[in-house]
$ cat structure.csv   # CSV, C-alpha atoms
chain,number,residue,atom,x,y,z
W,8,MET,CA,35.1,62.5,96.3
W,9,PHE,CA,36.8,65.6,97.4
W,10,ARG,CA,40.3,66.4,98.6
W,11,ILE,CA,39.7,68.6,101.7
W,12,LEU,CA,42.0,70.7,103.8
W,13,LEU,CA,41.2,71.5,107.4
W,14,THR,CA,43.2,74.6,108.3
W,15,HIS,CA,42.9,74.2,112.1
W,16,THR,CA,45.9,73.9,114.3
W,17,PRO,CA,45.9,70.8,116.6
W,18,ALA,CA,44.6,72.9,119.4
W,19,ALA,CA,41.9,74.5,117.3
W,20,LEU,CA,41.0,71.1,115.8
W,21,ALA,CA,40.3,69.6,119.2
W,22,LEU,CA,38.1,72.5,120.1
W,23,GLN,CA,36.3,73.4,116.9
W,24,PHE,CA,36.2,70.2,114.7
W,25,PRO,CA,35.8,67.2,117.0
W,26,PRO,CA,36.3,63.6,115.9
W,27,LYS,CA,32.6,62.9,115.2
W,28,ALA,CA,32.7,65.7,112.6
W,29,ARG,CA,36.1,64.6,111.2
W,30,ASP,CA,34.8,61.0,110.7
W,31,ALA,CA,31.7,62.3,109.0
W,32,LEU,CA,33.8,64.5,106.7
W,33,ALA,CA,36.1,61.6,105.7
W,34,ARG,CA,33.1,59.9,104.1
W,35,HIS,CA,33.2,62.6,101.4
W,36,GLY,CA,36.8,62.4,100.5
W,37,THR,CA,40.4,62.6,101.7
W,38,VAL,CA,40.9,64.9,104.6
W,39,MET,CA,44.2,66.7,104.9
W,40,LEU,CA,45.2,68.3,108.2
W,41,ASN,CA,47.2,71.4,108.7
W,42,PRO,CA,50.8,70.0,108.5
W,43,THR,CA,52.6,72.9,110.2
W,44,GLY,CA,51.1,73.0,113.7
W,45,ALA,CA,50.8,76.8,113.3
W,46,VAL,CA,48.1,79.1,111.9
W,47,LEU,CA,48.3,79.0,108.1
W,48,GLU,CA,48.7,82.2,106.2
W,49,GLY,CA,49.8,83.5,102.9
W,50,ALA,CA,52.1,81.2,101.0
W,51,SER,CA,51.9,78.5,103.6
W,52,LEU,CA,48.1,78.3,103.3
W,53,ALA,CA,48.3,78.2,99.5
W,54,GLU,CA,51.0,75.4,99.7
W,55,ALA,CA,48.9,73.4,102.1
W,56,ALA,CA,45.9,73.7,99.8
W,57,ARG,CA,47.7,72.6,96.7
W,58,GLY,CA,45.7,70.0,94.9
W,59,CYS,CA,42.7,70.4,97.3
W,60,ASP,CA,39.1,70.9,96.2
W,61,LEU,CA,37.8,72.3,99.4
W,62,VAL,CA,39.3,74.4,102.2
W,63,ILE,CA,37.6,74.4,105.6
W,64,ALA,CA,38.9,77.5,107.3
W,65,ASP,CA,39.0,77.9,111.1
W,66,ARG,CA,38.4,81.3,112.7
W,67,GLN,CA,42.1,82.2,113.0
W,68,THR,CA,42.9,81.6,109.3
W,69,ALA,CA,42.7,84.6,107.1
W,70,VAL,CA,42.1,83.8,103.4
W,71,GLY,CA,43.1,86.8,101.4
W,72,ALA,CA,43.3,87.7,97.7
W,73,ALA,CA,46.9,86.3,97.4
W,74,PHE,CA,45.6,82.9,98.4
W,75,PHE,CA,42.9,82.9,95.7
W,76,ASP,CA,45.5,83.9,93.1
W,77,ALA,CA,47.8,81.0,94.1
W,78,ALA,CA,45.2,78.2,94.6
W,79,PRO,CA,43.8,77.3,91.1
W,80,ASP,CA,42.5,73.9,92.3
W,81,VAL,CA,40.2,75.2,95.1
W,82,LEU,CA,36.5,75.1,94.4
W,83,ALA,CA,35.3,76.4,97.7
W,84,VAL,CA,36.5,78.0,101.0
W,85,MET,CA,34.1,76.9,103.7
W,86,ARG,CA,34.2,79.0,106.9
W,87,CYS,CA,33.6,76.9,110.0
W,88,ALA,CA,31.9,79.9,111.7
W,89,VAL,CA,29.2,82.5,110.9
W,90,ASP,CA,31.7,85.4,110.7
W,91,ILE,CA,33.4,85.5,107.2
W,92,SER,CA,35.2,88.8,107.8
W,93,THR,CA,38.6,86.9,107.5
W,94,ILE,CA,37.8,85.8,103.9
W,95,ASP,CA,38.2,88.2,101.0
W,96,VAL,CA,34.9,87.3,99.3
W,97,ALA,CA,35.4,89.7,96.4
W,98,ALA,CA,38.7,88.0,95.6
W,99,ALA,CA,37.1,84.6,95.8
W,100,SER,CA,34.3,85.6,93.5
W,101,ALA,CA,36.8,87.1,91.0
W,102,GLN,CA,38.5,83.7,90.8
W,103,GLY,CA,35.2,81.7,90.7
W,104,VAL,CA,35.6,80.2,94.2
W,105,LEU,CA,32.6,79.5,96.3
W,106,VAL,CA,32.5,80.9,99.9
W,107,THR,CA,30.2,79.4,102.5
W,108,ARG,CA,29.6,80.1,106.2
W,109,SER,CA,28.1,78.0,109.0
W,110,ILE,CA,25.0,78.6,111.0
W,111,PRO,CA,24.8,79.9,114.6
W,112,THR,CA,24.6,76.6,116.5
W,113,PHE,CA,26.2,78.5,119.5
W,114,ALA,CA,23.2,80.6,120.5
W,115,ALA,CA,22.6,78.8,123.8
W,116,SER,CA,26.3,78.7,124.5
W,117,VAL,CA,26.9,82.4,124.0
W,118,ALA,CA,23.7,83.4,125.8
W,119,GLU,CA,24.6,81.3,128.8
W,120,LEU,CA,28.1,82.9,128.9
W,121,ALA,CA,26.5,86.3,128.7
W,122,LEU,CA,24.3,85.5,131.7
W,123,GLY,CA,27.3,84.2,133.6
W,124,LEU,CA,29.2,87.4,132.9
W,125,ILE,CA,26.3,89.5,134.0
W,126,ILE,CA,25.9,87.6,137.3
W,127,ASP,CA,29.6,87.9,138.0
W,128,ALA,CA,29.6,91.6,137.3
W,129,ALA,CA,26.5,92.1,139.5
W,130,ARG,CA,27.8,90.1,142.5
W,131,GLY,CA,31.6,90.4,142.2
W,132,ILE,CA,32.2,86.6,142.1
W,133,SER,CA,35.5,86.6,140.2
W,134,ARG,CA,36.7,89.7,142.3
W,135,ALA,CA,36.2,87.8,145.5
W,136,THR,CA,37.7,84.6,144.1
W,137,THR,CA,40.8,86.5,142.9
W,138,ALA,CA,41.3,88.1,146.4
W,139,TYR,CA,41.0,84.7,148.2
W,140,ARG,CA,43.5,83.1,145.8
W,141,ALA,CA,45.9,85.9,146.5
W,142,GLY,CA,45.7,85.3,150.2
W,143,ARG,CA,43.5,88.3,150.9
W,144,THR,CA,40.1,88.6,152.5
W,145,PRO,CA,37.8,90.2,149.9
W,146,GLU,CA,35.9,93.3,150.8
W,147,ILE,CA,32.2,92.7,151.5
W,148,ALA,CA,30.4,95.0,148.9
W,149,MET,CA,26.8,95.4,148.1
W,150,GLY,CA,25.8,93.5,145.0
W,151,ALA,CA,23.0,94.0,142.5
W,152,GLN,CA,20.0,91.8,142.3
W,153,LEU,CA,19.0,91.2,138.7
W,154,SER,CA,15.4,90.5,139.3
W,155,GLY,CA,13.5,93.7,138.6
W,156,GLN,CA,16.3,95.3,136.7
W,157,THR,CA,16.3,96.2,133.0
W,158,LEU,CA,18.4,94.3,130.4
W,159,GLY,CA,19.0,96.2,127.2
W,160,ILE,CA,20.0,94.0,124.2
W,161,CYS,CA,21.5,95.6,121.1
W,162,GLY,CA,21.0,93.2,118.2
W,163,PHE,CA,18.0,90.9,118.6
W,164,GLY,CA,19.1,87.8,116.6
W,165,VAL,CA,19.2,84.2,117.7
W,166,ILE,CA,21.5,84.9,120.6
W,167,GLY,CA,19.6,88.0,121.8
W,168,ARG,CA,16.3,86.0,121.8
W,169,TYR,CA,17.8,83.2,123.8
W,170,LEU,CA,19.4,85.6,126.3
W,171,ALA,CA,16.1,87.6,126.6
W,172,ALA,CA,14.3,84.4,127.6
W,173,LEU,CA,16.9,83.6,130.3
W,174,ALA,CA,16.7,87.2,131.6
W,175,GLN,CA,12.9,87.1,131.8
W,176,ALA,CA,13.1,83.8,133.7
W,177,LEU,CA,15.2,85.7,136.3
W,178,GLY,CA,12.6,88.4,136.6
W,179,MET,CA,14.4,91.1,134.5
W,180,GLN,CA,12.6,93.5,132.2
W,181,VAL,CA,13.9,93.3,128.7
W,182,ILE,CA,14.1,96.0,126.1
W,183,ILE,CA,15.9,95.7,122.7
W,184,THR,CA,17.1,97.8,119.8
W,185,ASP,CA,17.4,96.3,116.3
W,186,PRO,CA,16.7,97.8,112.8
W,187,ALA,CA,14.6,94.7,111.9
W,188,PRO,CA,13.5,93.0,115.2
W,189,GLY,CA,10.8,90.9,113.7
W,190,THR,CA,8.0,89.7,116.0
W,191,LEU,CA,8.8,90.3,119.6
W,192,PRO,CA,8.1,87.7,122.3
W,193,GLY,CA,5.7,88.8,125.1
W,194,GLY,CA,6.9,91.4,127.5
W,195,ILE,CA,9.8,92.6,125.3
W,196,ARG,CA,9.8,96.2,123.9
W,197,ALA,CA,11.8,97.6,121.0
W,198,VAL,CA,13.1,101.1,121.7
W,199,PRO,CA,15.6,103.5,120.1
W,200,PHE,CA,19.3,103.0,120.9
W,201,GLU,CA,19.6,106.1,123.0
W,202,THR,CA,16.5,105.2,125.0
W,203,LEU,CA,17.9,101.8,125.7
W,204,LEU,CA,21.2,103.1,126.9
W,205,GLY,CA,19.5,105.5,129.4
W,206,ALA,CA,17.0,103.0,130.7
W,207,SER,CA,19.1,99.8,131.1
W,208,ASP,CA,20.9,98.5,134.1
W,209,VAL,CA,22.7,96.0,131.9
W,210,VAL,CA,23.5,96.7,128.3
W,211,VAL,CA,24.6,93.7,126.1
W,212,CYS,CA,26.1,94.3,122.7
W,213,LEU,CA,25.1,91.5,120.3
W,214,ALA,CA,24.8,93.5,117.0
W,215,PRO,CA,26.5,92.3,113.8
W,216,ALA,CA,29.7,94.1,112.7
W,217,THR,CA,28.7,96.3,109.8
W,218,PRO,CA,29.8,99.7,108.5
W,219,GLN,CA,26.6,101.1,110.2
W,220,THR,CA,27.4,99.5,113.7
W,221,ALA,CA,31.1,100.4,113.7
W,222,GLY,CA,32.0,102.3,116.9
W,223,MET,CA,28.4,102.4,118.1
W,224,PHE,CA,29.6,102.1,121.7
W,225,GLY,CA,31.8,105.2,122.0
W,226,ALA,CA,32.0,108.2,124.3
W,227,GLN,CA,28.5,109.4,123.5
W,228,ALA,CA,26.9,106.1,124.1
W,229,PHE,CA,28.7,105.6,127.5
W,230,GLY,CA,27.7,109.1,128.4
W,231,LEU,CA,24.0,108.2,128.2
W,232,MET,CA,24.3,105.1,130.4
W,233,LYS,CA,23.6,104.9,134.1
W,234,PRO,CA,26.7,105.2,136.4
W,235,SER,CA,25.6,101.9,137.9
W,236,ALA,CA,25.3,100.2,134.5
W,237,ILE,CA,27.1,97.0,133.4
W,238,PHE,CA,28.3,96.9,129.8
W,239,VAL,CA,28.8,93.5,128.1
W,240,ASN,CA,30.3,93.0,124.6
W,241,LEU,CA,29.8,89.6,123.0
W,242,ALA,CA,29.7,90.9,119.4
W,243,ARG,CA,32.9,92.2,117.8
W,244,ALA,CA,35.6,94.7,118.7
W,245,ALA,CA,34.7,96.9,115.8
W,246,LEU,CA,31.5,97.9,117.6
W,247,LEU,CA,33.4,99.3,120.5
W,248,ASP,CA,35.7,102.3,121.0
W,249,GLU,CA,38.0,100.6,123.6
W,250,THR,CA,39.6,103.9,124.5
W,251,ALA,CA,36.1,105.4,125.2
W,252,LEU,CA,35.2,102.4,127.3
W,253,GLU,CA,38.4,102.8,129.4
W,254,GLN,CA,37.7,106.4,129.9
W,255,ALA,CA,34.1,105.7,130.9
W,256,LEU,CA,35.3,103.2,133.5
W,257,GLU,CA,38.0,105.7,134.8
W,258,HIS,CA,35.4,108.5,135.2
W,259,GLY,CA,32.7,106.4,136.7
W,260,GLN,CA,30.3,106.8,133.8
W,261,ILE,CA,29.5,103.1,134.1
W,262,ALA,CA,30.2,100.7,136.9
W,263,CYS,CA,31.9,97.8,135.1
W,264,ALA,CA,32.3,95.9,131.8
W,265,ALA,CA,32.5,92.3,130.7
W,266,MET,CA,33.7,91.0,127.4
W,267,ASP,CA,34.4,87.9,125.4
W,268,VAL,CA,35.8,89.7,122.3
W,269,GLY,CA,38.2,92.5,121.6
W,270,SER,CA,41.0,93.9,119.4
W,271,ALA,CA,43.6,91.3,120.3
W,272,PRO,CA,44.5,88.4,118.0
W,273,ASP,CA,41.7,85.9,117.4
W,274,GLN,CA,39.2,88.5,118.4
W,275,ARG,CA,40.2,88.2,122.1
W,276,PRO,CA,39.8,91.1,124.6
W,277,ALA,CA,42.6,93.6,124.6
W,278,PRO,CA,45.0,93.0,127.5
W,279,ALA,CA,44.9,96.7,128.6
W,280,LEU,CA,41.1,96.3,129.2
W,281,ALA,CA,41.0,92.7,130.3
W,282,GLY,CA,43.5,93.4,133.1
W,283,ARG,CA,41.4,96.1,134.8
W,284,ALA,CA,39.8,95.4,138.1
W,285,ASP,CA,36.5,96.7,136.8
W,286,VAL,CA,36.5,94.4,133.8
W,287,ILE,CA,35.6,90.7,133.5
W,288,ALA,CA,37.1,89.1,130.4
W,289,THR,CA,37.1,85.7,128.8
W,290,PRO,CA,39.3,84.8,125.8
W,291,HIS,CA,36.6,84.5,123.0
W,292,ILE,CA,35.1,81.3,124.4
W,293,GLY,CA,31.4,82.0,123.8
W,294,GLY,CA,31.0,79.2,121.3
W,295,GLN,CA,33.4,76.8,123.0
W,296,THR,CA,31.1,74.1,124.2
W,297,PRO,CA,31.0,70.6,122.8
W,298,GLN,CA,27.4,71.1,121.6
W,299,ALA,CA,28.1,74.4,119.8
W,300,ALA,CA,31.4,73.3,118.2
W,301,GLU,CA,30.1,70.0,117.1
W,302,GLY,CA,27.0,71.6,115.7
W,303,GLN,CA,28.9,74.0,113.5
W,304,ALA,CA,31.4,71.4,112.3
W,305,LEU,CA,28.7,69.0,111.4
W,306,HIS,CA,26.9,71.7,109.5
W,307,VAL,CA,30.0,72.3,107.4
W,308,VAL,CA,30.0,68.5,106.7
W,309,GLU,CA,26.4,68.7,105.6
W,310,GLN,CA,27.5,71.5,103.2
W,311,VAL,CA,30.2,69.2,101.8
W,312,ALA,CA,27.6,66.5,101.4
W,313,GLN,CA,25.4,68.9,99.4
W,314,MET,CA,28.3,69.8,97.1
W,315,ALA,CA,29.0,66.1,96.6
W,316,LEU,CA,25.5,65.9,95.2
W,317,GLY,CA,26.1,68.9,92.9
W,318,ARG,CA,24.2,71.4,95.0
W,319,VAL,CA,25.3,74.8,96.2
W,320,PRO,CA,24.8,75.0,100.0
W,321,ASP,CA,22.1,77.4,101.2
W,322,GLU,CA,24.8,79.2,103.3
W,323,ALA,CA,26.9,80.1,100.2
W,324,VAL,CA,27.5,83.9,100.1
W,325,ASN,CA,28.5,84.1,96.4
W,326,ALA,CA,26.7,81.3,94.7
W,327,ALA,CA,26.3,83.2,91.4
W,328,ASP,CA,30.1,83.5,91.1
W,329,ALA,CA,31.0,79.9,91.9
W,330,THR,CA,32.2,79.2,88.3
W,331,ARG,CA,34.8,76.7,89.3
W,332,PHE,CA,32.2,74.5,91.0
W,333,GLN,CA,29.9,74.8,88.1
W,334,ALA,CA,32.7,73.8,85.7
W,335,ARG,CA,33.4,70.8,87.8
W,336,LEU,CA,29.8,69.7,87.6
W,337,ALA,CA,29.8,70.1,83.9
W,338,THR,CA,32.6,67.4,83.7
W,339,ARG,CA,30.6,64.8,85.7
W,340,PRO,CA,29.0,61.9,83.8
W,341,PRO,CA,25.3,62.5,82.9
W,342,ALA,CA,24.1,60.0,85.5
W,343,ASP,CA,25.9,61.9,88.2
W,344,ARG,CA,24.6,65.2,87.1
W,345,SER,CA,21.1,64.0,87.2
W,346,ALA,CA,21.4,63.6,91.0
W,347,THR,CA,21.5,67.3,91.3
$ encode --input "structure.csv" --output "structure tokens"
Amino acid sequence: MFRILLTHTPAALALQFPPKARDALARHGTVMLNPTGAVLEGASLAEAARGCDLVIADRQTAVGAAFFDAAPDVLAVMRCAVDISTIDVAAASAQGVLVTRSIPTFAASVAELALGLIIDAARGISRATTAYRAGRTPEIAMGAQLSGQTLGICGFGVIGRYLAALAQALGMQVIITDPAPGTLPGGIRAVPFETLLGASDVVVCLAPATPQTAGMFGAQAFGLMKPSAIFVNLARAALLDETALEQALEHGQIACAAMDVGSAPDQRPAPALAGRADVIATPHIGGQTPQAAEGQALHVVEQVAQMALGRVPDEAVNAADATRFQARLATRPPADRSAT
């Protein structure tokens, strides 16, 4: 039985680790909640984790090298998300701490939000709503019909594939760019990045944040896009040069942008961009549906269950360096070790 810390604030707990998952987690040990009501960091995180075997980190909690130096009891830090950029994996490995990530149970949720943002951008729904709520009569403007237009998806993972199917159902043509796209569904073509930019009416960024993708949407990319194009970012701020996007909007290089991520805290859109009339922004809510949140939390619980049986979860990112967990296994009675 483990002693487990959930780092989530009360607000994050309600959204990202619902009661069903907490009840399931409690079957594997004593669950400690964040005692501060604030995002844990530095010394406060290490203090909260004192005596704990497992730390389940929410998306706002950064787990740096200082934590691993000050947390000798922790066997594993388990990220309740796919993105582990907030965890210093090298420092964890140096201290023998296992790091795991969750799986993308949010594919449908994020893809549906992408479609909503695209439709809003094409038809001016939020623009008209904002005008009416301010007591003004909105201008009647020509919108864009998505059927027959081309959607370009940069990054053809689980979200991209789900979005592509939704777009095809609307009658859109879909092209993608990805260094390893795998087998493509019918009617979808893989093209070079520059070709996609010039041919697409809607460009959606879903690529992973890596050194190779950093800043891929900058001045040069926006210069290749149609003046009528819609740009949507649902990946990470690191892929976007926000100054270049603002300039592209100012000079009419593209028509509008929509985003659920950005350089503000908790990966939210930057206020300077989000407040523009030609930008539609949501505060990093792509995975905030009950199905997506519960799915990720329950997957973390399944990882805890695997560890209780002496197994390293499949989603571990540094299994070979998990010396603390291996040492714990070595102290278990022979009958317990045989279960592994």
$ residues_around --input "structure.csv" --residues "segment 308-315 of chain W" --least-positions-apart "6" --cutoff "12 Å" --atoms "only C-alpha atoms" --output "ChimeraX atom specification"
/W:8-11,13,24-25,27-36,38,60-63,82-87,105-110,301-302,321-323,326,329,332-333,335-336,339,343-344,346-347
$ residues_around --input "structure.csv" --residues "segment 244-254 of chain W" --least-positions-apart "2" --cutoff "7 Å" --atoms "all atoms listed in the file" --output "JSON, numbers by chain"
{"W": [216, 220, 221, 222, 223, 224, 225, 226, 256, 257, 258, 268, 269, 270]}
$ residues_around --input "structure.csv" --residues "segment 133-142 of chain W" --least-positions-apart "4" --cutoff "9 Å" --atoms "all atoms listed in the file" --output "NGL selection string"
:W and (127-128 or 146-147 or 284-285 or 287)
$ write_last_selection --input "structure.csv" --atoms "C-alpha atoms" --output "JSON list (two decimals), in the frame of the given file"
[["chain", "number", "residue", "atom", "x", "y", "z"],
["W", 127, "ASP", "CA", 29.60, 87.90, 138.00],
["W", 128, "ALA", "CA", 29.60, 91.60, 137.30],
["W", 146, "GLU", "CA", 35.90, 93.30, 150.80],
["W", 147, "ILE", "CA", 32.20, 92.70, 151.50],
["W", 284, "ALA", "CA", 39.80, 95.40, 138.10],
["W", 285, "ASP", "CA", 36.50, 96.70, 136.80],
["W", 287, "ILE", "CA", 35.60, 90.70, 133.50]]
$ atom_distance --input "structure.csv" --atom1 "atom CA of Phe238 of chain W" --atom2 "atom CA of Ala264 of chain W"
4.6 Å
$ residues_around --input "structure.csv" --residues "Val210 of chain W" --least-positions-apart "4" --cutoff "10 Å" --atoms "all atoms listed in the file" --output "VMD selection string"
chain W and resid 125 157 to 161 182 to 183 203 to 206 232 236 to 240 264
$ closest_residue --input "structure.csv" --among "W:Leu231, W:Ala121, W:Met179, W:Leu12" --to "Met39 of chain W" --atoms "only C-alpha atoms"
W:Leu12
$ residues_around --input "structure.csv" --residues "Leu177 of chain W" --least-positions-apart "3" --cutoff "10 Å" --atoms "all atoms listed in the file" --output "JSON, numbers by chain"
{"W": [152, 153, 154, 155, 156, 171, 172, 173, 174, 180]}
$ atom_distance --input "structure.csv" --atom1 "atom CA of Asp328 of chain W" --atom2 "atom CA of Ala101 of chain W"
7.6 Å
$ closest_residue --input "structure.csv" --among "W:Ala151, W:Thr112, W:Arg57, W:Ala19" --to "Gly294 of chain W" --atoms "all atoms listed in the file"
W:Thr112
$ atom_distance --input "structure.csv" --atom1 "atom CA of Asp273 of chain W" --atom2 "atom CA of Gln67 of chain W"
5.8 Å
$ closest_residue --input "structure.csv" --among "W:Ile94, W:Ala78, W:Ile292, W:Val211" --to "Ala56 of chain W" --atoms "all atoms listed in the file"
W:Ala78
